[in-house]
Amino acid sequence: MPEYTAIRRSVNALSSATALACVWHFRGQLRDSPRDLLLKGVLPLLGGLMMLAAFVRSAHDMYDPSYGSTSFHGVGGVFLLGTGSLALGAVALPLVRSRHARFFREGRGAVADPTVNED
């Protein structure tokens, strides 16, 4: 069984989401040139799908109670830690976004004065 941690699984989720968001963001430019199609569409899509496949495969492997040294009610501890962390983040993000809506809408400059660090 390969060494695969809950943190790596989270990185896979983030990387696949970023790659798929890249394709979505540049969807209007994909027909501009073959280069744009390749670099802004095909390669990020393939990378995102590969990372998503690694995420799904790792979740399947981690679900086994013999994966790692802990388990809870027949579910692997690494799976519970990784899934719990992702679920906690999925709950926290909308809460923070609603509480600090101006920051997410207008950017950091809208809520804090720019500063220059002096040594």
# chains A, B, ... in the order shown; residues from 1 in each chain; ligands from 1
$ select_by_dssp --residues "chain A" --states "strand (DSSP E)" --output "VMD selection string"
chain A and resid 71 to 72 75 to 76
$ write_last_selection --atoms "C-alpha atoms" --output "PDB file, in the first residue's frame"
ATOM      1  CA  SER A  71     -10.030   3.021  12.282  1.00  0.00           C
ATOM      2  CA  PHE A  72     -13.478   3.888  13.593  1.00  0.00           C
ATOM      3  CA  VAL A  75     -13.731   3.067   8.365  1.00  0.00           C
ATOM      4  CA  GLY A  76     -10.071   3.989   8.037  1.00  0.00           C
TER       5      GLY A  76
END
$ atom_distance --atom1 "atom CA of A:Gly68" --atom2 "atom CA of A:Ser85"
17.0 Å
$ closest_atom_pairs --of "stretch 35-67 of chain A" --to "stretch 13-28 of chain A" --cutoff "6 Å" --atoms "only C-alpha atoms" --output "CSV"
residue,atom,partner,partner_atom,distance
A:Gly41,CA,A:Val23,CA,5.1
A:Pro44,CA,A:Ala19,CA,5.0
A:Leu45,CA,A:Leu20,CA,5.9
A:Gly48,CA,A:Ser16,CA,4.1
A:Met51,CA,A:Ser16,CA,5.2
A:Leu52,CA,A:Ser16,CA,5.5
$ atom_distance --atom1 "atom CA of A:Asn117" --atom2 "atom CA of A:His100"
24.9 Å
$ atom_distance --atom1 "atom CA of A:Tyr63" --atom2 "atom CA of A:Ala6"
11.4 Å
$ closest_residue --among "A:Asn12, A:Gln29, A:Ser66, A:Thr115" --to "A:Leu86" --atoms "only C-alpha atoms"
A:Asn12
$ select_by_dssp --residues "chain A" --states "alpha helix (DSSP H)" --output "VMD selection string"
chain A and resid 6 to 25 34 to 37 43 to 63 77 to 99 101 to 106
$ closest_residue --among "A:Leu30, A:Arg9, A:Leu46, A:Pro114" --to "A:Asp61" --atoms "only C-alpha atoms"
A:Arg9
$ decode --residues "stretch 20-32 of chain A" --atoms "all heavy atoms" --output "short mmCIF file (atom, residue, chain, number, x, y, z; two decimals), in the first residue's frame"
data_model
loop_
_atom_site.label_atom_id
_atom_site.label_comp_id
_atom_site.auth_asym_id
_atom_site.auth_seq_id
_atom_site.Cartn_x
_atom_site.Cartn_y
_atom_site.Cartn_z
N LEU A 20 -9.76 22.57 -13.05
CA LEU A 20 -11.08 22.65 -13.68
C LEU A 20 -11.60 24.09 -13.70
O LEU A 20 -12.26 24.50 -14.66
CB LEU A 20 -12.05 21.70 -12.98
CG LEU A 20 -11.66 20.21 -13.06
CD1 LEU A 20 -12.60 19.37 -12.23
CD2 LEU A 20 -11.58 19.72 -14.49
N ALA A 21 -11.27 24.87 -12.67
CA ALA A 21 -11.65 26.28 -12.66
C ALA A 21 -10.91 27.05 -13.75
O ALA A 21 -11.46 27.99 -14.33
CB ALA A 21 -11.36 26.89 -11.29
N CYS A 22 -9.68 26.65 -14.04
CA CYS A 22 -8.91 27.28 -15.12
C CYS A 22 -9.62 27.09 -16.46
O CYS A 22 -9.77 28.04 -17.22
CB CYS A 22 -7.51 26.67 -15.17
SG CYS A 22 -6.51 27.20 -16.57
N VAL A 23 -10.05 25.88 -16.72
CA VAL A 23 -10.77 25.60 -17.97
C VAL A 23 -12.06 26.43 -18.03
O VAL A 23 -12.38 27.02 -19.06
CB VAL A 23 -11.08 24.10 -18.10
CG1 VAL A 23 -11.91 23.82 -19.34
CG2 VAL A 23 -9.79 23.29 -18.12
N TRP A 24 -12.77 26.48 -16.92
CA TRP A 24 -14.02 27.26 -16.89
C TRP A 24 -13.75 28.74 -17.09
O TRP A 24 -14.45 29.42 -17.84
CB TRP A 24 -14.74 27.01 -15.57
CG TRP A 24 -16.04 27.73 -15.48
CD1 TRP A 24 -16.30 28.88 -14.80
CD2 TRP A 24 -17.25 27.39 -16.14
NE1 TRP A 24 -17.60 29.26 -14.96
CE2 TRP A 24 -18.21 28.36 -15.80
CE3 TRP A 24 -17.62 26.34 -16.98
CZ2 TRP A 24 -19.51 28.31 -16.27
CZ3 TRP A 24 -18.92 26.31 -17.44
CH2 TRP A 24 -19.85 27.28 -17.08
N HIS A 25 -12.72 29.27 -16.43
CA HIS A 25 -12.40 30.69 -16.52
C HIS A 25 -12.02 31.09 -17.95
O HIS A 25 -12.42 32.16 -18.41
CB HIS A 25 -11.25 31.03 -15.56
CG HIS A 25 -10.82 32.45 -15.61
ND1 HIS A 25 -11.54 33.47 -15.04
CD2 HIS A 25 -9.75 33.04 -16.21
CE1 HIS A 25 -10.94 34.63 -15.25
NE2 HIS A 25 -9.83 34.38 -15.96
N PHE A 26 -11.26 30.27 -18.63
CA PHE A 26 -10.79 30.59 -19.97
C PHE A 26 -11.66 30.00 -21.07
O PHE A 26 -11.27 29.99 -22.24
CB PHE A 26 -9.34 30.10 -20.16
CG PHE A 26 -8.35 30.87 -19.35
CD1 PHE A 26 -7.67 30.27 -18.32
CD2 PHE A 26 -8.09 32.21 -19.62
CE1 PHE A 26 -6.75 30.97 -17.56
CE2 PHE A 26 -7.18 32.93 -18.86
CZ PHE A 26 -6.50 32.30 -17.84
N ARG A 27 -12.84 29.53 -20.76
CA ARG A 27 -13.70 28.88 -21.76
C ARG A 27 -13.99 29.76 -22.95
O ARG A 27 -14.13 29.27 -24.07
CB ARG A 27 -14.98 28.39 -21.10
CG ARG A 27 -15.93 29.49 -20.66
CD ARG A 27 -17.08 28.94 -19.83
NE ARG A 27 -18.01 29.97 -19.44
CZ ARG A 27 -17.85 30.79 -18.41
NH1 ARG A 27 -16.78 30.69 -17.65
NH2 ARG A 27 -18.76 31.72 -18.14
N GLY A 28 -14.05 31.06 -22.78
CA GLY A 28 -14.32 31.97 -23.89
C GLY A 28 -13.13 32.16 -24.82
O GLY A 28 -13.29 32.62 -25.95
N GLN A 29 -11.93 31.82 -24.36
CA GLN A 29 -10.72 32.01 -25.15
C GLN A 29 -10.22 30.73 -25.80
O GLN A 29 -9.22 30.75 -26.52
CB GLN A 29 -9.61 32.57 -24.27
CG GLN A 29 -9.94 33.91 -23.65
CD GLN A 29 -8.87 34.35 -22.69
OE1 GLN A 29 -7.74 33.89 -22.71
NE2 GLN A 29 -9.24 35.26 -21.78
N LEU A 30 -10.89 29.61 -25.58
CA LEU A 30 -10.39 28.33 -26.07
C LEU A 30 -10.41 28.22 -27.58
O LEU A 30 -9.66 27.43 -28.16
CB LEU A 30 -11.19 27.18 -25.45
CG LEU A 30 -11.08 27.06 -23.93
CD1 LEU A 30 -11.89 25.89 -23.42
CD2 LEU A 30 -9.63 26.95 -23.48
N ARG A 31 -11.22 29.02 -28.25
CA ARG A 31 -11.30 28.96 -29.72
C ARG A 31 -10.45 30.03 -30.40
O ARG A 31 -10.46 30.14 -31.62
CB ARG A 31 -12.75 29.11 -30.17
CG ARG A 31 -13.58 27.92 -29.74
CD ARG A 31 -14.98 28.02 -30.27
NE ARG A 31 -15.73 26.84 -29.85
CZ ARG A 31 -17.02 26.73 -29.94
NH1 ARG A 31 -17.74 27.71 -30.45
NH2 ARG A 31 -17.62 25.64 -29.55
N ASP A 32 -9.71 30.80 -29.61
CA ASP A 32 -8.89 31.87 -30.19
C ASP A 32 -7.73 31.32 -31.00
O ASP A 32 -7.38 31.88 -32.04
CB ASP A 32 -8.36 32.81 -29.10
CG ASP A 32 -9.47 33.65 -28.48
OD1 ASP A 32 -10.60 33.65 -29.01
OD2 ASP A 32 -9.19 34.29 -27.45
#
